>>> print(open('final07.pdb').read())   # PDB, C-alpha atoms
ATOM      1  CA  MET A   1      -1.721   8.971  -8.812
ATOM      2  CA  THR A   2       1.338   6.855  -8.170
ATOM      3  CA  LEU A   3       4.702   8.551  -8.494
ATOM      4  CA  THR A   4       6.456   5.623 -10.171
ATOM      5  CA  HIS A   5       5.808   2.123 -11.383
ATOM      6  CA  ASN A   6       8.620  -0.440 -11.605
ATOM      7  CA  GLY A   7      11.704   1.506 -12.623
ATOM      8  CA  HIS A   8      12.956   4.967 -11.750
ATOM      9  CA  ASN A   9      11.416   7.908 -13.574
ATOM     10  CA  LEU A  10      11.700  11.696 -13.631
ATOM     11  CA  LEU A  11       9.683  12.030 -10.425
ATOM     12  CA  ALA A  12      11.114   9.467  -8.034
ATOM     13  CA  ASP A  13      13.162   6.380  -7.349
ATOM     14  CA  SER A  14      11.263   3.127  -7.592
ATOM     15  CA  ALA A  15      11.127   0.328  -5.049
ATOM     16  CA  ILE A  16      11.971  -1.999  -7.934
ATOM     17  CA  PRO A  17      14.650  -0.553 -10.230
ATOM     18  CA  ARG A  18      14.793  -1.803 -13.827
ATOM     19  CA  PRO A  19      18.403  -2.657 -14.752
ATOM     20  CA  ASP A  20      17.122  -3.742 -18.161
ATOM     21  CA  LEU A  21      16.153  -0.099 -18.718
ATOM     22  CA  GLY A  22      19.471   1.208 -17.414
ATOM     23  CA  ASP A  23      18.445   1.776 -13.792
ATOM     24  CA  GLY A  24      21.009   1.744 -11.029
ATOM     25  CA  PRO A  25      19.979   1.185  -7.412
ATOM     26  CA  VAL A  26      19.312   4.936  -6.933
ATOM     27  CA  LEU A  27      18.647   7.814  -9.317
ATOM     28  CA  HIS A  28      17.450  10.808  -7.256
ATOM     29  CA  GLY A  29      17.927   9.676  -3.668
ATOM     30  CA  GLY A  30      14.144   9.640  -3.293
ATOM     31  CA  LEU A  31      12.018  12.334  -4.928
ATOM     32  CA  SER A  32      13.481  14.529  -7.641
ATOM     33  CA  THR A  33      12.914  18.276  -7.656
ATOM     34  CA  LEU A  34      10.189  17.641 -10.222
ATOM     35  CA  GLY A  35       8.736  14.944  -7.992
ATOM     36  CA  ARG A  36       8.497  17.337  -5.068
ATOM     37  CA  ALA A  37       6.754  19.838  -7.313
ATOM     38  CA  ALA A  38       4.390  17.094  -8.483
ATOM     39  CA  VAL A  39       3.388  16.293  -4.906
ATOM     40  CA  ALA A  40       2.651  19.972  -4.291
ATOM     41  CA  GLU A  41       0.590  20.180  -7.479
ATOM     42  CA  MET A  42      -1.341  17.018  -6.575
ATOM     43  CA  ASN A  43      -2.138  18.570  -3.200
ATOM     44  CA  ALA A  44      -3.373  21.688  -4.960
ATOM     45  CA  LEU A  45      -5.618  19.636  -7.255
ATOM     46  CA  GLY A  46      -6.997  17.320  -4.579
ATOM     47  CA  LEU A  47      -5.291  14.232  -6.020
ATOM     48  CA  LEU A  48      -4.170  11.469  -3.677
ATOM     49  CA  VAL A  49      -0.430  10.801  -3.692
ATOM     50  CA  ASP A  50       0.063   7.043  -4.079
ATOM     51  CA  VAL A  51       3.397   5.740  -2.774
ATOM     52  CA  SER A  52       2.865   2.068  -3.565
ATOM     53  CA  HIS A  53       5.704   1.642  -6.051
ATOM     54  CA  VAL A  54       8.215   4.178  -4.784
ATOM     55  CA  ALA A  55      11.483   3.549  -2.986
ATOM     56  CA  LYS A  56      11.447   3.889   0.784
ATOM     57  CA  SER A  57      13.403   7.149   0.579
ATOM     58  CA  ALA A  58      10.883   8.668  -1.821
ATOM     59  CA  MET A  59       7.950   7.359   0.196
ATOM     60  CA  LEU A  60       9.164   8.970   3.412
ATOM     61  CA  GLN A  61       9.900  12.234   1.607
ATOM     62  CA  ALA A  62       6.426  12.274   0.052
ATOM     63  CA  VAL A  63       4.829  11.699   3.453
ATOM     64  CA  GLU A  64       6.921  14.534   4.893
ATOM     65  CA  ILE A  65       6.130  17.149   2.264
ATOM     66  CA  SER A  66       2.550  16.306   1.325
ATOM     67  CA  ARG A  67      -0.051  18.567   2.918
ATOM     68  CA  ALA A  68      -2.639  15.792   2.569
ATOM     69  CA  PRO A  69      -2.437  12.189   3.798
ATOM     70  CA  VAL A  70      -0.787   9.839   1.317
ATOM     71  CA  VAL A  71      -1.883   6.312   0.470
ATOM     72  CA  ALA A  72      -0.150   3.092  -0.491
ATOM     73  CA  THR A  73      -3.009   1.642  -2.510
ATOM     74  CA  HIS A  74      -1.603  -1.870  -2.949
ATOM     75  CA  THR A  75       1.106  -3.111  -0.615
ATOM     76  CA  CYS A  76       1.669  -5.527   2.278
ATOM     77  CA  VAL A  77       3.671  -5.729   5.508
ATOM     78  CA  ARG A  78       7.429  -6.113   5.121
ATOM     79  CA  ALA A  79       7.818  -7.638   8.587
ATOM     80  CA  LEU A  80       5.761 -10.609   7.380
ATOM     81  CA  ARG A  81       7.135 -10.804   3.831
ATOM     82  CA  ASP A  82      10.462  -9.166   3.003
ATOM     83  CA  HIS A  83       9.643  -7.755  -0.431
ATOM     84  CA  PRO A  84      10.759  -4.331  -1.711
ATOM     85  CA  ARG A  85       7.166  -3.411  -2.537
ATOM     86  CA  ASN A  86       6.039  -3.867   1.059
ATOM     87  CA  LEU A  87       6.139  -1.254   3.828
ATOM     88  CA  ASP A  88       8.346  -1.673   6.881
ATOM     89  CA  ASP A  89       7.446  -0.543  10.386
ATOM     90  CA  GLN A  90       9.074   2.879   9.971
ATOM     91  CA  GLN A  91       7.057   3.562   6.835
ATOM     92  CA  MET A  92       3.864   2.344   8.480
ATOM     93  CA  ASP A  93       4.481   4.585  11.483
ATOM     94  CA  ALA A  94       4.987   7.546   9.140
ATOM     95  CA  LEU A  95       1.613   6.896   7.530
ATOM     96  CA  ARG A  96      -0.069   6.754  10.906
ATOM     97  CA  ALA A  97       1.571   9.990  12.052
ATOM     98  CA  THR A  98       0.275  11.885   9.022
ATOM     99  CA  GLY A  99      -3.178  10.349   8.716
ATOM    100  CA  GLY A 100      -2.271   8.172   5.743
ATOM    101  CA  LEU A 101      -3.422   4.738   4.644
ATOM    102  CA  MET A 102      -1.945   1.421   3.517
ATOM    103  CA  GLN A 103      -4.144  -1.041   1.671
ATOM    104  CA  ILE A 104      -3.233  -4.705   2.004
ATOM    105  CA  THR A 105      -3.373  -6.303  -1.414
ATOM    106  CA  ALA A 106      -4.015  -9.783  -2.781
ATOM    107  CA  VAL A 107      -0.732 -10.137  -4.686
ATOM    108  CA  PRO A 108       0.588 -13.554  -3.587
ATOM    109  CA  GLY A 109       4.256 -12.594  -3.831
ATOM    110  CA  PHE A 110       3.720  -9.689  -1.444
ATOM    111  CA  LEU A 111       1.975 -11.940   1.088
ATOM    112  CA  ARG A 112       4.160 -15.042   1.239
ATOM    113  CA  SER A 113       7.586 -16.277   0.199
ATOM    114  CA  PRO A 114       7.805 -18.875  -2.572
ATOM    115  CA  GLY A 115       7.792 -22.523  -1.594
ATOM    116  CA  ALA A 116      10.542 -25.021  -2.372
ATOM    117  CA  ASP A 117       9.164 -25.348  -5.909
ATOM    118  CA  GLY A 118       9.401 -21.603  -6.468
ATOM    119  CA  LYS A 119       5.642 -21.114  -6.464
ATOM    120  CA  VAL A 120       3.769 -18.803  -4.097
ATOM    121  CA  ARG A 121       0.578 -20.128  -2.575
ATOM    122  CA  ALA A 122      -1.409 -17.495  -0.731
ATOM    123  CA  ARG A 123      -4.873 -17.626   0.799
ATOM    124  CA  VAL A 124      -7.418 -15.250   2.256
ATOM    125  CA  ALA A 125      -5.969 -16.009   5.693
ATOM    126  CA  ASP A 126      -2.617 -14.578   4.575
ATOM    127  CA  ILE A 127      -4.273 -11.272   3.702
ATOM    128  CA  ALA A 128      -5.925 -11.258   7.123
ATOM    129  CA  ASP A 129      -2.539 -11.920   8.766
ATOM    130  CA  HIS A 130      -1.135  -8.776   7.138
ATOM    131  CA  VAL A 131      -4.242  -6.812   8.113
ATOM    132  CA  ASP A 132      -3.860  -7.993  11.710
ATOM    133  CA  TYR A 133      -0.226  -6.894  11.882
ATOM    134  CA  ALA A 134      -0.935  -3.500  10.352
ATOM    135  CA  VAL A 135      -3.960  -2.830  12.545
ATOM    136  CA  GLN A 136      -2.007  -3.753  15.673
ATOM    137  CA  ARG A 137       0.906  -1.556  14.574
ATOM    138  CA  ILE A 138      -0.819   1.580  13.280
ATOM    139  CA  GLY A 139      -4.532   1.245  14.035
ATOM    140  CA  ILE A 140      -7.648   0.329  12.090
ATOM    141  CA  SER A 141      -8.021   3.883  10.718
ATOM    142  CA  HIS A 142      -4.855   3.545   8.630
ATOM    143  CA  VAL A 143      -5.421   0.118   7.036
ATOM    144  CA  GLY A 144      -7.516  -0.909   4.041
ATOM    145  CA  LEU A 145      -7.962  -3.655   1.460
ATOM    146  CA  SER A 146      -7.226  -3.838  -2.250
ATOM    147  CA  SER A 147      -7.296  -6.633  -4.784
ATOM    148  CA  ASP A 148      -5.003  -5.546  -7.638
ATOM    149  CA  PHE A 149      -6.875  -8.112  -9.744
ATOM    150  CA  ASP A 150      -5.721  -6.311 -12.900
ATOM    151  CA  GLY A 151      -2.083  -6.364 -11.758
ATOM    152  CA  GLY A 152      -1.478  -9.953 -10.692
ATOM    153  CA  GLY A 153      -3.659 -10.027  -7.581
ATOM    154  CA  GLY A 154      -5.729 -13.014  -6.562
ATOM    155  CA  VAL A 155      -5.352 -15.622  -3.823
ATOM    156  CA  GLU A 156      -7.112 -18.827  -2.934
ATOM    157  CA  GLY A 157     -10.555 -17.747  -1.796
ATOM    158  CA  TRP A 158     -10.414 -14.285  -3.377
ATOM    159  CA  MET A 159      -9.728 -14.569  -7.072
ATOM    160  CA  ASN A 160     -12.323 -12.053  -8.240
ATOM    161  CA  ALA A 161     -14.893  -9.622  -6.872
ATOM    162  CA  ALA A 162     -17.489 -12.365  -6.499
ATOM    163  CA  ASP A 163     -15.282 -13.957  -3.805
ATOM    164  CA  SER A 164     -15.056 -10.830  -1.662
ATOM    165  CA  ALA A 165     -17.414 -12.187   0.976
ATOM    166  CA  ASN A 166     -14.789 -14.824   1.809
ATOM    167  CA  LEU A 167     -12.383 -12.136   2.991
ATOM    168  CA  THR A 168     -15.118 -10.410   4.967
ATOM    169  CA  ALA A 169     -15.962 -13.728   6.616
ATOM    170  CA  GLU A 170     -12.331 -14.290   7.614
ATOM    171  CA  LEU A 171     -12.095 -10.828   9.137
ATOM    172  CA  LEU A 172     -15.333 -11.341  11.074
ATOM    173  CA  ARG A 173     -14.039 -14.711  12.271
ATOM    174  CA  ARG A 174     -10.974 -12.933  13.658
ATOM    175  CA  GLY A 175     -13.100 -10.528  15.671
ATOM    176  CA  TYR A 176     -13.412  -7.473  13.439
ATOM    177  CA  ASP A 177     -16.872  -5.962  13.830
ATOM    178  CA  ALA A 178     -19.060  -4.576  11.047
ATOM    179  CA  GLU A 179     -17.781  -1.027  11.556
ATOM    180  CA  SER A 180     -14.152  -2.125  11.275
ATOM    181  CA  VAL A 181     -14.850  -4.187   8.171
ATOM    182  CA  GLY A 182     -16.502  -1.149   6.624
ATOM    183  CA  LEU A 183     -13.455   0.967   7.363
ATOM    184  CA  LEU A 184     -11.163  -1.621   5.800
ATOM    185  CA  TRP A 185     -13.216  -2.023   2.638
ATOM    186  CA  SER A 186     -13.964   1.617   1.912
ATOM    187  CA  GLY A 187     -14.354   3.949   4.870
ATOM    188  CA  ASN A 188     -10.691   4.720   5.364
ATOM    189  CA  PHE A 189     -10.095   5.341   1.665
ATOM    190  CA  LEU A 190     -13.035   7.726   1.532
ATOM    191  CA  ARG A 191     -11.552   9.543   4.532
ATOM    192  CA  VAL A 192      -8.226  10.188   2.818
ATOM    193  CA  MET A 193     -10.004  11.223  -0.384
ATOM    194  CA  ARG A 194     -12.007  13.791   1.552
ATOM    195  CA  ALA A 195      -8.854  14.988   3.313
ATOM    196  CA  ALA A 196      -7.103  15.541  -0.033
ATOM    197  CA  GLU A 197     -10.128  17.431  -1.343
ATOM    198  CA  ALA A 198     -10.188  19.598   1.792
ATOM    199  CA  VAL A 199      -6.512  20.515   1.388
ATOM    200  CA  ALA A 200      -7.160  21.532  -2.210
ATOM    201  CA  ALA A 201     -10.195  23.583  -1.252
ATOM    202  CA  ALA A 202      -8.232  25.390   1.460
ATOM    203  CA  GLY A 203      -5.648  26.453  -1.128
TER
END
>>> encode(input="final07.pdb", output="structure tokens")
Amino acid sequence: MTLTHNGHNLLADSAIPRPDLGDGPVLHGGLSTLGRAAVAEMNALGLLVDVSHVAKSAMLQAVEISRAPVVATHTCVRALRDHPRNLDDQQMDALRATGGLMQITAVPGFLRSPGADGKVRARVADIADHVDYAVQRIGISHVGLSSDFDGGGGVEGWMNAADSANLTAELLRRGYDAESVGLLWSGNFLRVMRAAEAVAAAG
């Protein structure tokens, strides 16, 4: 469960405020009191805390207080594309330190800057570039893949599920072995799911 979408809410500040809805740059300074309680309740229920849309302040607070690893289900690397929805090195390091996961997504605007004509042209290789950076920074165990096809995702070579082999082929070409590809596609996400379930079972 993500704590916010675009726009601040009662739980947390968003990475993308909505001035058209009356948002200022900051509402809570990260998580609200209710947001902190929500993280605790999600831990108790075995739900994964998704920090994809939250402001950096709220993301770091969620990582700090969650008893289970948190996940950014659809994001990219801010060092490669300066977008408020992407994670910077500090955020990535925080995920690694707490066993969390970031999933590189196929949203073109998160992968590349617009060209001179204002259009963003992203390819499978751009996704692999972000994977490479994240793996080198925080390790293969903390990186995954996501499409966000229902939320604007889709790049040249991976526009739908039928194209998924193209991304696998690019990763193999770059030297990832079958085990690593398995971790990126599903293994790491299953790990954090099991960790959240274990925290809930422990009470």
>>> resolve_selection(input="final07.pdb", expression="the PyMOL selection byres ((chain A and resi 133-148) around 9)", output="number ranges by chain")
A: 73-77, 79-80, 89, 92-93, 95-97, 99-107, 127-132, 149-154, 158-161, 180, 183-189
>>> residues_around(input="final07.pdb", residues="A:Leu11", least_positions_apart="6", cutoff="9 Å", atoms="all atoms listed in the file", output="ChimeraX atom specification")
/A:3-4,28,30-38
>>> closest_residue(input="final07.pdb", among="A:Ala125, A:Ala202, A:Met193, A:Leu48", to="A:Arg173", atoms="all atoms listed in the file")
A:Ala125
>>> resolve_selection(input="final07.pdb", expression="the PyMOL selection byres ((chain A and resi 61-67) around 8)", output="VMD selection string")
chain A and resid 30 to 31 36 39 to 40 43 49 51 57 to 60 68 to 70 94 to 95 98 199
>>> axis_aligned_box(input="final07.pdb", around="stretch 51-64 of chain A", padding_each_side="4 Å", output="AutoDock Vina command-line options")
--center_x 8.1 --center_y 8.1 --center_z -0.6 --size_x 18.5 --size_y 20.9 --size_z 18.9
>>> residues_around(input="final07.pdb", residues="A:Arg123", least_positions_apart="5", cutoff="7 Å", atoms="all atoms listed in the file", output="list in words")
Val155, Glu156 and Gly157 of chain A
>>> write_last_selection(input="final07.pdb", atoms="C-alpha atoms", output="mmCIF file, in the coordinates of the input")
data_model
loop_
_atom_site.group_PDB
_atom_site.id
_atom_site.type_symbol
_atom_site.label_atom_id
_atom_site.label_comp_id
_atom_site.auth_asym_id
_atom_site.auth_seq_id
_atom_site.Cartn_x
_atom_site.Cartn_y
_atom_site.Cartn_z
ATOM 1 C CA VAL A 155 -5.352 -15.622 -3.823
ATOM 2 C CA GLU A 156 -7.112 -18.827 -2.934
ATOM 3 C CA GLY A 157 -10.555 -17.747 -1.796
#
>>> resolve_selection(input="final07.pdb", expression="the PyMOL selection byres ((chain A and resi 111) around 7)", output="list in words")
Cys76, Arg81, Val107, Pro108, Gly109, Phe110, Arg112, Ala122, Asp126 and Ile127 of chain A
>>> write_last_selection(input="final07.pdb", atoms="C-alpha atoms", output="compact mmCIF listing (two decimals), keeping the file's coordinate frame")
# COMPACT_ATOMS: atom_id res chain seq x y z
CA CYS A 76 1.67 -5.53 2.28
CA ARG A 81 7.14 -10.80 3.83
CA VAL A 107 -0.73 -10.14 -4.69
CA PRO A 108 0.59 -13.55 -3.59
CA GLY A 109 4.26 -12.59 -3.83
CA PHE A 110 3.72 -9.69 -1.44
CA ARG A 112 4.16 -15.04 1.24
CA ALA A 122 -1.41 -17.50 -0.73
CA ASP A 126 -2.62 -14.58 4.58
CA ILE A 127 -4.27 -11.27 3.70
>>> closest_residue(input="final07.pdb", among="A:Val26, A:Ala116, A:Met1, A:Leu172", to="A:Gly46", atoms="all atoms listed in the file")
A:Met1
>>> atom_distance(input="final07.pdb", atom1="atom CA of A:Ala44", atom2="atom CA of A:Ala198")
9.8 Å
>>> atom_distance(input="final07.pdb", atom1="atom CA of A:Ala201", atom2="atom CA of A:Leu47")
11.6 Å
>>> residues_around(input="final07.pdb", residues="A:Asp23", least_positions_apart="4", cutoff="10 Å", atoms="only C-alpha atoms", output="number ranges by chain")
A: 7-9, 13-14, 16-19, 27
>>> closest_residue(input="final07.pdb", among="A:Leu87, A:Met42, A:Ala195, A:Thr168", to="A:Gly182", atoms="all atoms listed in the file")
A:Thr168
